[in-house]
>>> print(open('start-v9.cif').read())   # mmCIF, C-alpha atoms and all ligand atoms
data_run
#
loop_
_atom_site.label_atom_id
_atom_site.label_comp_id
_atom_site.auth_asym_id
_atom_site.auth_seq_id
_atom_site.Cartn_x
_atom_site.Cartn_y
_atom_site.Cartn_z
CA MET A 1 166.98 85.32 102.47
CA SER A 2 163.31 86.17 102.48
CA ASP A 3 161.90 89.47 101.42
CA GLU A 4 158.50 89.95 103.16
CA SER A 5 157.65 92.99 101.06
CA ALA A 6 157.94 90.90 97.89
CA GLN A 7 155.04 88.65 98.96
CA PRO A 8 152.18 89.27 96.51
CA LEU A 9 148.97 90.51 98.08
CA ASN A 10 146.00 88.27 97.49
CA PRO A 11 144.65 89.81 94.28
CA SER A 12 141.05 88.71 94.86
CA PRO A 13 140.18 88.07 98.49
CA LEU A 14 137.08 86.01 99.11
CA PRO A 15 133.85 88.01 99.46
CA ARG A 16 132.68 88.84 102.94
CA ILE A 17 129.26 87.33 103.60
CA ALA A 18 127.28 88.05 106.77
CA VAL A 19 125.31 85.03 107.97
CA LEU A 20 122.40 86.25 110.08
CA ALA A 21 120.70 83.48 112.04
CA THR A 22 117.10 83.85 113.18
CA GLY A 23 116.21 80.29 114.30
CA GLY A 24 113.94 77.78 112.56
CA THR A 25 114.28 74.07 111.94
CA ILE A 26 117.69 74.60 110.37
CA ALA A 27 118.70 75.41 113.97
CA GLY A 28 116.44 72.74 115.45
CA ALA A 29 117.37 69.84 117.72
CA ALA A 30 115.45 66.62 118.40
CA PRO A 31 116.01 63.96 121.08
CA ASP A 32 117.32 61.50 118.46
CA ALA A 33 118.50 61.48 114.85
CA THR A 34 115.40 59.76 113.44
CA ASN A 35 113.02 62.34 114.87
CA THR A 36 112.15 64.91 112.16
CA SER A 37 108.88 66.26 113.57
CA GLY A 38 109.09 66.41 117.37
CA TYR A 39 111.97 68.86 117.74
CA ARG A 40 112.54 72.33 119.08
CA ALA A 41 113.24 74.93 116.41
CA GLY A 42 115.81 77.68 116.89
CA VAL A 43 117.99 76.16 119.61
CA VAL A 44 121.29 75.66 117.72
CA GLY A 45 123.46 78.78 117.54
CA VAL A 46 124.96 80.30 114.41
CA ASP A 47 128.52 79.17 115.28
CA GLN A 48 127.39 75.55 115.45
CA LEU A 49 125.49 75.91 112.16
CA LEU A 50 128.66 77.16 110.52
CA GLN A 51 130.85 74.46 112.07
CA ALA A 52 128.69 71.85 110.32
CA VAL A 53 129.81 73.30 106.96
CA PRO A 54 133.61 73.66 107.05
CA SER A 55 133.73 74.13 103.26
CA LEU A 56 132.21 77.62 103.68
CA SER A 57 135.69 78.95 104.36
CA THR A 58 136.65 78.23 100.74
CA LEU A 59 133.70 80.30 99.46
CA ALA A 60 133.65 83.39 101.62
CA ARG A 61 134.89 85.16 104.70
CA ILE A 62 131.90 84.56 106.95
CA VAL A 63 130.73 87.18 109.44
CA PRO A 64 128.24 85.42 111.73
CA GLU A 65 125.54 87.11 113.75
CA GLN A 66 122.73 85.72 115.88
CA ILE A 67 119.77 88.02 115.26
CA ALA A 68 117.16 85.85 117.01
CA SER A 69 116.38 82.24 117.92
CA VAL A 70 112.72 81.81 117.04
CA ASP A 71 110.45 79.25 115.50
CA SER A 72 109.37 81.29 112.48
CA LYS A 73 105.69 80.52 113.17
CA ASP A 74 106.21 83.10 115.95
CA MET A 75 107.81 85.74 113.70
CA THR A 76 106.95 89.24 114.90
CA LEU A 77 106.71 92.58 113.18
CA ALA A 78 109.33 93.93 115.60
CA LEU A 79 111.78 91.21 114.55
CA TRP A 80 111.09 92.01 110.89
CA THR A 81 112.06 95.62 111.61
CA THR A 82 115.25 94.56 113.43
CA LEU A 83 116.27 92.15 110.67
CA ALA A 84 115.64 94.51 107.76
CA GLN A 85 117.39 97.40 109.50
CA ARG A 86 120.41 95.23 110.34
CA ILE A 87 120.71 94.03 106.74
CA ASN A 88 120.52 97.59 105.46
CA THR A 89 123.20 98.70 107.92
CA LEU A 90 125.53 95.84 106.97
CA LEU A 91 125.08 96.27 103.23
CA ALA A 92 125.66 100.02 103.41
CA THR A 93 129.31 99.37 104.37
CA ASP A 94 132.10 98.28 102.03
CA ASP A 95 132.96 95.49 104.48
CA ILE A 96 130.05 93.21 103.54
CA ASP A 97 129.44 91.91 100.03
CA GLY A 98 126.27 89.92 100.67
CA VAL A 99 123.97 88.53 103.35
CA VAL A 100 122.59 85.08 104.06
CA VAL A 101 119.66 84.76 106.46
CA THR A 102 118.90 81.40 108.08
CA HIS A 103 115.18 81.24 108.87
CA GLY A 104 112.34 78.86 109.64
CA THR A 105 110.40 77.57 106.66
CA ASP A 106 106.93 78.43 108.00
CA THR A 107 106.99 82.17 107.35
CA LEU A 108 110.09 82.34 105.15
CA GLU A 109 108.08 83.47 102.13
CA GLU A 110 106.69 86.44 104.09
CA THR A 111 110.06 87.57 105.49
CA ALA A 112 111.69 87.13 102.09
CA TYR A 113 109.08 89.33 100.38
CA LEU A 114 109.29 91.94 103.15
CA LEU A 115 113.08 92.15 102.63
CA HIS A 116 112.64 92.17 98.83
CA LEU A 117 110.65 95.39 99.24
CA THR A 118 112.71 97.10 101.97
CA VAL A 119 116.40 96.20 101.48
CA LYS A 120 118.14 99.24 100.01
CA SER A 121 121.05 97.61 98.22
CA ASP A 122 121.70 95.60 95.09
CA LYS A 123 124.09 93.27 96.93
CA PRO A 124 122.81 89.69 97.23
CA VAL A 125 120.51 88.79 100.12
CA VAL A 126 119.74 85.07 100.23
CA LEU A 127 117.43 83.31 102.66
CA THR A 128 117.70 79.63 103.42
CA ALA A 129 116.17 77.13 105.81
CA ALA A 130 115.73 73.41 106.36
CA MET A 131 112.92 70.90 106.66
CA ARG A 132 114.89 68.57 108.96
CA PRO A 133 116.44 69.67 112.24
CA ALA A 134 120.22 69.97 112.56
CA SER A 135 120.22 66.76 114.65
CA ALA A 136 118.51 64.62 111.97
CA LEU A 137 119.90 61.87 109.78
CA SER A 138 120.37 63.50 106.36
CA ALA A 139 119.74 66.98 107.72
CA ASP A 140 119.19 69.30 104.76
CA GLY A 141 120.35 72.49 106.51
CA PRO A 142 124.12 72.21 105.92
CA LEU A 143 123.86 71.82 102.13
CA ASN A 144 121.21 74.54 101.95
CA LEU A 145 123.55 76.85 103.89
CA GLN A 146 126.48 75.97 101.63
CA ASN A 147 124.34 76.73 98.57
CA ALA A 148 122.99 79.98 100.02
CA VAL A 149 126.52 81.27 100.69
CA THR A 150 127.55 80.13 97.19
CA VAL A 151 124.73 82.24 95.70
CA ALA A 152 125.37 85.25 97.98
CA ALA A 153 129.05 85.23 96.92
CA GLN A 154 128.15 85.40 93.21
CA LYS A 155 128.31 88.64 91.24
CA SER A 156 125.44 87.34 89.09
CA ALA A 157 123.17 87.38 92.16
CA ARG A 158 123.47 91.17 92.46
CA GLY A 159 120.43 93.20 91.49
CA GLN A 160 118.09 90.20 91.47
CA GLY A 161 116.26 91.24 94.62
CA VAL A 162 116.03 88.97 97.63
CA LEU A 163 116.55 85.30 96.81
CA VAL A 164 115.72 82.01 98.47
CA ALA A 165 118.19 79.14 98.02
CA PHE A 166 116.54 75.89 98.96
CA ASN A 167 117.05 72.32 97.83
CA ASN A 168 119.38 73.35 95.00
CA ARG A 169 116.93 75.85 93.53
CA ILE A 170 117.09 79.64 93.58
CA HIS A 171 113.73 81.38 93.88
CA SER A 172 112.69 85.02 93.82
CA ALA A 173 111.29 86.21 97.15
CA ARG A 174 108.19 87.48 95.36
CA ASP A 175 107.25 84.13 93.89
CA VAL A 176 108.37 81.49 96.37
CA VAL A 177 105.89 79.65 98.61
CA LYS A 178 106.10 76.70 100.95
CA THR A 179 104.14 73.87 99.36
CA SER A 180 104.89 70.82 101.51
CA THR A 181 104.48 70.21 105.24
CA TYR A 182 107.24 67.56 105.35
CA ALA A 183 109.15 67.02 102.09
CA VAL A 184 112.70 68.25 101.68
CA ASP A 185 111.63 69.81 98.36
CA ALA A 186 109.28 72.13 100.23
CA PHE A 187 109.42 75.35 98.19
CA GLN A 188 108.11 76.21 94.75
CA SER A 189 107.43 79.28 92.67
CA PRO A 190 104.01 78.29 91.29
CA GLU A 191 103.16 79.17 87.66
CA ILE A 192 106.50 80.82 87.03
CA GLY A 193 109.16 78.41 88.34
CA ALA A 194 112.49 78.98 90.04
CA LEU A 195 114.93 81.67 88.89
CA GLY A 196 117.72 79.16 88.58
CA TRP A 197 119.76 76.55 90.39
CA VAL A 198 122.86 76.07 92.52
CA GLN A 199 124.85 72.85 92.67
CA ASP A 200 128.43 71.94 93.59
CA GLY A 201 129.53 75.55 93.63
CA ARG A 202 127.91 76.42 90.31
CA VAL A 203 125.13 78.97 90.04
CA GLU A 204 122.95 79.45 87.01
CA PHE A 205 120.15 81.97 86.62
CA GLN A 206 117.65 80.97 83.94
CA ARG A 207 115.40 84.01 84.07
CA GLY A 208 115.31 87.48 85.61
CA VAL A 209 113.03 89.29 88.04
CA VAL A 210 110.51 91.55 86.30
CA ARG A 211 108.76 93.49 89.09
CA ALA A 212 110.39 96.37 91.01
CA HIS A 213 112.23 95.52 94.23
CA THR A 214 114.92 96.67 96.73
CA LEU A 215 116.44 99.98 95.51
CA ALA A 216 113.50 100.61 93.17
CA THR A 217 110.75 100.61 95.80
CA GLU A 218 109.24 103.50 97.75
CA PHE A 219 109.21 101.49 100.99
CA VAL A 220 111.41 102.16 103.99
CA ILE A 221 111.46 99.79 106.91
CA GLY A 222 110.20 101.38 110.10
CA ALA A 223 108.74 100.39 113.44
CA ASN A 224 105.16 101.44 112.68
CA TRP A 225 103.13 98.57 111.33
CA PRO A 226 99.50 99.24 110.41
CA ASN A 227 97.19 96.48 111.55
CA VAL A 228 96.26 94.30 108.57
CA GLU A 229 94.66 90.89 108.98
CA VAL A 230 93.83 87.97 106.67
CA VAL A 231 90.40 86.30 106.45
CA VAL A 232 89.37 83.25 104.43
CA SER A 233 86.22 82.64 102.40
CA TYR A 234 84.73 79.13 102.41
CA ALA A 235 81.37 77.35 102.24
CA GLY A 236 78.97 78.74 104.83
CA VAL A 237 81.32 81.48 106.10
CA SER A 238 79.60 84.29 108.01
CA ARG A 239 80.41 87.98 108.35
CA ILE A 240 81.35 87.62 112.04
CA VAL A 241 85.16 87.75 111.63
CA VAL A 242 85.14 90.72 109.25
CA ASP A 243 82.78 92.69 111.50
CA ALA A 244 84.97 91.89 114.53
CA LEU A 245 88.09 93.09 112.72
CA VAL A 246 86.43 96.34 111.69
CA ALA A 247 85.22 96.88 115.27
CA ALA A 248 88.82 96.27 116.44
CA GLY A 249 90.00 99.09 114.17
CA VAL A 250 92.07 97.28 111.54
CA ARG A 251 93.40 99.41 108.68
CA GLY A 252 93.21 96.64 106.11
CA ILE A 253 91.80 93.18 105.43
CA VAL A 254 93.18 90.72 102.90
CA VAL A 255 90.66 88.09 101.91
CA ALA A 256 91.88 84.68 100.79
CA GLY A 257 88.99 84.10 98.42
CA THR A 258 87.98 80.92 96.67
CA GLY A 259 89.06 80.43 93.03
CA ASN A 260 89.66 83.71 91.24
CA GLY A 261 89.32 85.61 94.52
CA SER A 262 85.57 85.03 94.71
CA ILE A 263 84.00 85.69 98.11
CA HIS A 264 80.91 84.20 99.78
CA ALA A 265 78.01 86.68 99.54
CA SER A 266 77.75 87.21 103.31
CA MET A 267 81.45 87.87 103.75
CA GLN A 268 81.54 90.03 100.62
CA GLN A 269 78.77 92.25 102.02
CA ALA A 270 80.72 92.64 105.27
CA LEU A 271 83.88 93.53 103.30
CA ALA A 272 81.97 96.05 101.17
CA ASP A 273 80.68 97.65 104.39
CA ALA A 274 84.24 97.69 105.73
CA ALA A 275 85.56 99.34 102.54
CA SER A 276 82.84 101.99 102.74
CA GLN A 277 84.15 102.82 106.23
CA GLY A 278 87.72 103.30 104.93
CA VAL A 279 89.16 99.85 105.66
CA VAL A 280 91.30 98.72 102.70
CA VAL A 281 90.09 95.39 101.33
CA VAL A 282 92.46 93.34 99.16
CA ARG A 283 91.14 90.36 97.24
CA ALA A 284 93.60 87.42 96.96
CA SER A 285 93.04 83.71 96.41
CA ARG A 286 93.45 80.70 98.65
CA VAL A 287 94.13 78.48 95.60
CA GLY A 288 97.94 78.61 95.68
CA SER A 289 98.72 79.46 92.07
CA GLY A 290 97.47 81.77 89.35
CA HIS A 291 96.26 85.34 89.82
CA VAL A 292 93.16 87.29 90.79
CA MET A 293 91.68 89.31 87.93
CA ARG A 294 90.57 92.81 88.85
CA ASN A 295 86.79 93.15 88.37
CA GLY A 296 86.63 89.42 87.63
CA ALA A 297 84.92 87.35 90.33
CA ALA A 298 83.97 90.53 92.23
CA ALA A 299 83.19 94.07 91.04
CA ASP A 300 86.26 95.74 92.56
CA ASP A 301 85.51 99.18 91.11
CA ALA A 302 81.99 99.23 92.55
CA LEU A 303 82.92 97.63 95.88
CA GLY A 304 86.08 99.68 96.47
CA PHE A 305 88.33 96.61 96.60
CA VAL A 306 91.94 96.09 95.48
CA SER A 307 93.07 92.98 93.60
CA ALA A 308 96.20 91.20 94.85
CA GLY A 309 97.08 89.95 91.33
CA SER A 310 99.49 87.05 91.66
CA LEU A 311 100.48 87.67 95.29
CA ASN A 312 99.23 85.10 97.76
CA PRO A 313 97.23 86.45 100.73
CA TYR A 314 100.22 86.51 103.12
CA LYS A 315 102.51 88.35 100.73
CA ALA A 316 99.61 90.68 99.86
CA ARG A 317 99.36 91.49 103.57
CA VAL A 318 103.07 92.38 103.67
CA LEU A 319 102.70 94.72 100.69
CA LEU A 320 99.55 96.32 102.08
CA MET A 321 101.20 96.97 105.46
CA LEU A 322 104.20 98.62 103.77
CA ALA A 323 101.97 100.61 101.41
CA LEU A 324 99.83 101.92 104.28
CA ALA A 325 102.93 102.70 106.36
CA ALA A 326 104.25 104.71 103.38
CA GLY A 327 101.05 106.79 103.42
CA GLY A 328 99.16 104.97 100.66
CA THR A 329 95.41 105.56 100.73
CA GLY A 330 92.40 104.73 98.59
CA PRO A 331 91.78 101.74 96.35
CA VAL A 332 92.97 103.42 93.13
CA ALA A 333 96.43 104.38 94.44
CA LEU A 334 96.80 101.09 96.28
CA GLN A 335 95.85 99.10 93.17
CA LYS A 336 98.71 100.85 91.37
CA ILE A 337 101.07 99.68 94.09
CA PHE A 338 99.80 96.09 93.76
CA ASP A 339 100.25 96.32 89.98
CA THR A 340 103.84 97.53 90.44
CA TYR A 341 105.27 95.17 93.06
N1 LIG A 401 108.35 75.73 112.57
C1 LIG A 401 109.63 75.80 111.90
C2 LIG A 401 109.94 77.26 111.62
O1 LIG A 401 109.36 77.82 110.75
C3 LIG A 401 109.58 75.01 110.64
C4 LIG A 401 110.84 75.00 109.82
O2 LIG A 401 111.75 75.79 109.95
O3 LIG A 401 110.89 74.12 108.93
O4 LIG A 401 110.74 77.85 112.30
#
>>> encode(input="start-v9.cif", output="structure tokens")
Amino acid sequence: MSDESAQPLNPSPLPRIAVLATGGTIAGAAPDATNTSGYRAGVVGVDQLLQAVPSLSTLARIVPEQIASVDSKDMTLALWTTLAQRINTLLATDDIDGVVVTHGTDTLEETAYLLHLTVKSDKPVVLTAAMRPASALSADGPLNLQNAVTVAAQKSARGQGVLVAFNNRIHSARDVVKTSTYAVDAFQSPEIGALGWVQDGRVEFQRGVVRAHTLATEFVIGANWPNVEVVVSYAGVSRIVVDALVAAGVRGIVVAGTGNGSIHASMQQALADAASQGVVVVRASRVGSGHVMRNGAAADDALGFVSAGSLNPYKARVLLMLALAAGGTGPVALQKIFDTY
């Protein structure tokens, strides 16, 4: 005789993880398995991505969703709004314990930082990607996806801000940058290193995140994006691009300066003129690691500039857009924001 009511309920059901697919090489397909450069990104759907990793069902109850199918080089501000709003909606319910986002590698560091500043939850949000298309020999996407879900399902990943799980390492969204055009080990957190690692179902965090993020920010994702562009300083650069941007009505310009955010004299004069007309000028560096010292290689106080600190130019642009959208004005208040996030 069987007594159905005596069956014990599962005392600890697996966490529910939403996997939001946006495209990228992880969802790429090439004409043959040895082709790892001439493929189309974002053509494999989320269900197929998940089918390639049957072991996910032992880690989590997966809730798949196709948000977009783009090559992330073509990421748009509208898609950023859609993605961030969807994550916030999902995480506000008790039904979802964490989110994994599959993304292209090209702009992953920008999307990750945007989410780090605008997700309003302490539940884990983990981005992952791949350097080889899904059709390739030794495709790296399936293991990266397995590891991303492993991290998102961990209690220890809560409250760490948005994370990037890639090639067995766990990075903070604020620090991570793409540093290789082709290698499977394509992401690093220069100067500071990864937060930790994930391997064979084990997750270890080796340090914490210091700067404010997610629930502790003043930023709310919206549909209004102020126009902020990035310019680069280099030998012989003129003032043409800066003047054209000012004439086009941009609200802000981030300059990827040489070295410690130094700027060629002709471009610096154009940026000083821009700042005097109310355009916000943020000084970052094109170097790839280190930080830009305020009043170091340029007299920020006198010129009305803001220093990006340790943010690279593309992440500095994300922060400046959010700060302007939140009503931030003037170099003093904006510098405080750059010193906080
Ligand atoms: N162009 C691709 C993308 O960013 C590159 C990749 O995912 O590796 O979508």
>>> residues_near_ligand(input="start-v9.cif", ligand="ligand LIG 401 (chain A)", cutoff="9 Å", atoms="only C-alpha atoms and all ligand atoms", output="tab-separated table (two decimals) with C-alpha atoms, in the frame of the given file")
chain	number	residue	atom	x	y	z
A	22	THR	CA	117.10	83.85	113.18
A	23	GLY	CA	116.21	80.29	114.30
A	24	GLY	CA	113.94	77.78	112.56
A	25	THR	CA	114.28	74.07	111.94
A	26	ILE	CA	117.69	74.60	110.37
A	27	ALA	CA	118.70	75.41	113.97
A	28	GLY	CA	116.44	72.74	115.45
A	40	ARG	CA	112.54	72.33	119.08
A	41	ALA	CA	113.24	74.93	116.41
A	42	GLY	CA	115.81	77.68	116.89
A	70	VAL	CA	112.72	81.81	117.04
A	71	ASP	CA	110.45	79.25	115.50
A	72	SER	CA	109.37	81.29	112.48
A	73	LYS	CA	105.69	80.52	113.17
A	74	ASP	CA	106.21	83.10	115.95
A	75	MET	CA	107.81	85.74	113.70
A	103	HIS	CA	115.18	81.24	108.87
A	104	GLY	CA	112.34	78.86	109.64
A	105	THR	CA	110.40	77.57	106.66
A	106	ASP	CA	106.93	78.43	108.00
A	107	THR	CA	106.99	82.17	107.35
A	108	LEU	CA	110.09	82.34	105.15
A	129	ALA	CA	116.17	77.13	105.81
A	130	ALA	CA	115.73	73.41	106.36
A	131	MET	CA	112.92	70.90	106.66
A	132	ARG	CA	114.89	68.57	108.96
A	133	PRO	CA	116.44	69.67	112.24
A	181	THR	CA	104.48	70.21	105.24
A	182	TYR	CA	107.24	67.56	105.35
>>> closest_atom_pairs(input="start-v9.cif", of="stretch 242-326 of chain A", to="stretch 170-179 of chain A", cutoff="9 Å", atoms="all atoms listed in the file", output="JSON lines")
{"residue": "A:Gly288", "atom": "CA", "partner": "A:Val177", "partner_atom": "CA", "distance": 8.5}
{"residue": "A:Ser310", "atom": "CA", "partner": "A:Asp175", "partner_atom": "CA", "distance": 8.6}
{"residue": "A:Leu311", "atom": "CA", "partner": "A:Arg174", "partner_atom": "CA", "distance": 7.7}
{"residue": "A:Asn312", "atom": "CA", "partner": "A:Val177", "partner_atom": "CA", "distance": 8.6}
{"residue": "A:Lys315", "atom": "CA", "partner": "A:Arg174", "partner_atom": "CA", "distance": 7.9}
>>> residues_near_point(input="start-v9.cif", point="(131.8, 78.8, 102.9)", cutoff="10 Å", atoms="all atoms listed in the file", output="list in words")
Leu14, Ile17, Leu50, Val53, Pro54, Ser55, Leu56, Ser57, Thr58, Leu59, Ala60, Arg61, Ile62, Leu145, Gln146, Asn147, Ala148, Val149, Thr150 and Ala153 of chain A
>>> closest_residue(input="start-v9.cif", among="A:His116, A:His291, A:Lys336, A:His264", to="A:Val318", atoms="all atoms listed in the file")
A:His116
>>> residues_around(input="start-v9.cif", residues="stretch 211-227 of chain A", least_positions_apart="3", cutoff="8 Å", atoms="only C-alpha atoms", output="short mmCIF file (atom, residue, chain, number, x, y, z; two decimals) with C-alpha atoms, keeping the file's coordinate frame")
data_model
loop_
_atom_site.label_atom_id
_atom_site.label_comp_id
_atom_site.auth_asym_id
_atom_site.auth_seq_id
_atom_site.Cartn_x
_atom_site.Cartn_y
_atom_site.Cartn_z
CA LEU A 77 106.71 92.58 113.18
CA ALA A 78 109.33 93.93 115.60
CA THR A 81 112.06 95.62 111.61
CA ALA A 84 115.64 94.51 107.76
CA GLN A 85 117.39 97.40 109.50
CA LEU A 115 113.08 92.15 102.63
CA HIS A 116 112.64 92.17 98.83
CA LEU A 117 110.65 95.39 99.24
CA THR A 118 112.71 97.10 101.97
CA VAL A 119 116.40 96.20 101.48
CA LYS A 120 118.14 99.24 100.01
CA SER A 121 121.05 97.61 98.22
CA ASP A 122 121.70 95.60 95.09
CA GLY A 161 116.26 91.24 94.62
CA VAL A 162 116.03 88.97 97.63
CA VAL A 250 92.07 97.28 111.54
CA ARG A 251 93.40 99.41 108.68
CA GLY A 252 93.21 96.64 106.11
CA MET A 321 101.20 96.97 105.46
CA LEU A 322 104.20 98.62 103.77
CA ALA A 323 101.97 100.61 101.41
CA LEU A 324 99.83 101.92 104.28
CA ALA A 325 102.93 102.70 106.36
CA ALA A 326 104.25 104.71 103.38
CA THR A 340 103.84 97.53 90.44
CA TYR A 341 105.27 95.17 93.06
#
>>> residues_near_point(input="start-v9.cif", point="(96.5, 86.5, 97.8)", cutoff="10 Å", atoms="only C-alpha atoms", output="VMD selection string")
chain A and resid 230 254 to 257 260 to 261 282 to 292 307 to 317
>>> atom_distance(input="start-v9.cif", atom1="atom CA of A:Ser135", atom2="atom CA of A:Ala29")
5.2 Å
>>> atom_distance(input="start-v9.cif", atom1="atom CA of A:Leu20", atom2="atom CA of A:Phe166")
16.3 Å
>>> atom_distance(input="start-v9.cif", atom1="atom CA of A:Ala134", atom2="atom CA of A:Ala152")
21.7 Å
>>> closest_residue(input="start-v9.cif", among="A:Asp97, A:Glu109, A:Asp200, A:Asp185", to="A:Lys155", atoms="all atoms listed in the file")
A:Asp97
>>> residues_around(input="start-v9.cif", residues="A:Asn295", least_positions_apart="5", cutoff="10 Å", atoms="only C-alpha atoms", output="PDB file with C-alpha atoms, keeping the file's coordinate frame")
ATOM      1  CA  ASP A 300      86.260  95.740  92.560  1.00  0.00           C
ATOM      2  CA  ASP A 301      85.510  99.180  91.110  1.00  0.00           C
ATOM      3  CA  ALA A 302      81.990  99.230  92.550  1.00  0.00           C
ATOM      4  CA  LEU A 303      82.920  97.630  95.880  1.00  0.00           C
ATOM      5  CA  PHE A 305      88.330  96.610  96.600  1.00  0.00           C
ATOM      6  CA  VAL A 306      91.940  96.090  95.480  1.00  0.00           C
ATOM      7  CA  SER A 307      93.070  92.980  93.600  1.00  0.00           C
TER       8      SER A 307
END
>>> closest_residue(input="start-v9.cif", among="A:Ala244, A:Val63, A:Val184, A:Val280", to="A:Ala139", atoms="all atoms listed in the file")
A:Val184
>>> closest_atom_pairs(input="start-v9.cif", of="stretch 33-69 of chain A", to="stretch 87-90 of chain A", cutoff="12 Å", atoms="only C-alpha atoms", output="JSON lines")
{"residue": "A:Val63", "atom": "CA", "partner": "A:Leu90", "partner_atom": "CA", "distance": 10.4}
{"residue": "A:Pro64", "atom": "CA", "partner": "A:Leu90", "partner_atom": "CA", "distance": 11.8}
{"residue": "A:Glu65", "atom": "CA", "partner": "A:Ile87", "partner_atom": "CA", "distance": 11.0}
{"residue": "A:Ile67", "atom": "CA", "partner": "A:Ile87", "partner_atom": "CA", "distance": 10.5}
>>> write_last_selection(input="start-v9.cif", atoms="C-alpha atoms", output="PDB file, in the coordinates of the input")
ATOM      1  CA  VAL A  63     130.730  87.180 109.440  1.00  0.00           C
ATOM      2  CA  PRO A  64     128.240  85.420 111.730  1.00  0.00           C
ATOM      3  CA  GLU A  65     125.540  87.110 113.750  1.00  0.00           C
ATOM      4  CA  ILE A  67     119.770  88.020 115.260  1.00  0.00           C
TER       5      ILE A  67
END
>>> residues_around(input="start-v9.cif", residues="A:Thr128", least_positions_apart="2", cutoff="6 Å", atoms="only C-alpha atoms", output="list in words")
Thr102, Val164, Ala165 and Phe166 of chain A
>>> closest_residue(input="start-v9.cif", among="A:Leu83, A:Glu110, A:Ala52, A:Leu320", to="A:Gly141", atoms="all atoms listed in the file")
A:Ala52
>>> build_atoms(input="start-v9.cif", residues="stretch 333-337 of chain A", atoms="all heavy atoms", output="PDB file, in the frame of the given file")
ATOM      1  N   ALA A 333      94.969 104.265  94.238  1.00  0.00           N
ATOM      2  CA  ALA A 333      96.430 104.380  94.440  1.00  0.00           C
ATOM      3  C   ALA A 333      97.001 103.047  94.916  1.00  0.00           C
ATOM      4  O   ALA A 333      98.095 102.644  94.495  1.00  0.00           O
ATOM      5  CB  ALA A 333      96.718 105.479  95.455  1.00  0.00           C
ATOM      6  N   LEU A 334      96.279 102.368  95.758  1.00  0.00           N
ATOM      7  CA  LEU A 334      96.800 101.090  96.280  1.00  0.00           C
ATOM      8  C   LEU A 334      96.816 100.022  95.188  1.00  0.00           C
ATOM      9  O   LEU A 334      97.720  99.186  95.144  1.00  0.00           O
ATOM     10  CB  LEU A 334      95.976 100.640  97.493  1.00  0.00           C
ATOM     11  CG  LEU A 334      96.204 101.513  98.739  1.00  0.00           C
ATOM     12  CD1 LEU A 334      95.159 101.275  99.808  1.00  0.00           C
ATOM     13  CD2 LEU A 334      97.615 101.288  99.313  1.00  0.00           C
ATOM     14  N   GLN A 335      95.833 100.069  94.280  1.00  0.00           N
ATOM     15  CA  GLN A 335      95.850  99.100  93.170  1.00  0.00           C
ATOM     16  C   GLN A 335      97.104  99.306  92.310  1.00  0.00           C
ATOM     17  O   GLN A 335      97.732  98.346  91.869  1.00  0.00           O
ATOM     18  CB  GLN A 335      94.589  99.243  92.310  1.00  0.00           C
ATOM     19  CG  GLN A 335      94.496  98.191  91.205  1.00  0.00           C
ATOM     20  CD  GLN A 335      94.335  96.783  91.779  1.00  0.00           C
ATOM     21  OE1 GLN A 335      93.352  96.481  92.441  1.00  0.00           O
ATOM     22  NE2 GLN A 335      95.314  95.900  91.545  1.00  0.00           N
ATOM     23  N   LYS A 336      97.486 100.554  92.140  1.00  0.00           N
ATOM     24  CA  LYS A 336      98.710 100.850  91.370  1.00  0.00           C
ATOM     25  C   LYS A 336      99.924 100.207  92.028  1.00  0.00           C
ATOM     26  O   LYS A 336     100.802  99.664  91.372  1.00  0.00           O
ATOM     27  CB  LYS A 336      98.904 102.378  91.312  1.00  0.00           C
ATOM     28  CG  LYS A 336      99.029 102.893  89.926  1.00  0.00           C
ATOM     29  CD  LYS A 336      99.367 104.361  89.908  1.00  0.00           C
ATOM     30  CE  LYS A 336      98.917 104.920  88.566  1.00  0.00           C
ATOM     31  NZ  LYS A 336      98.613 106.305  88.598  1.00  0.00           N
ATOM     32  N   ILE A 337      99.947 100.279  93.350  1.00  0.00           N
ATOM     33  CA  ILE A 337     101.070  99.680  94.090  1.00  0.00           C
ATOM     34  C   ILE A 337     101.055  98.159  93.887  1.00  0.00           C
ATOM     35  O   ILE A 337     102.098  97.539  93.634  1.00  0.00           O
ATOM     36  CB  ILE A 337     100.984 100.073  95.581  1.00  0.00           C
ATOM     37  CG1 ILE A 337     101.413 101.537  95.716  1.00  0.00           C
ATOM     38  CG2 ILE A 337     101.821  99.158  96.457  1.00  0.00           C
ATOM     39  CD1 ILE A 337     101.312 102.122  97.095  1.00  0.00           C
TER      40      ILE A 337
END
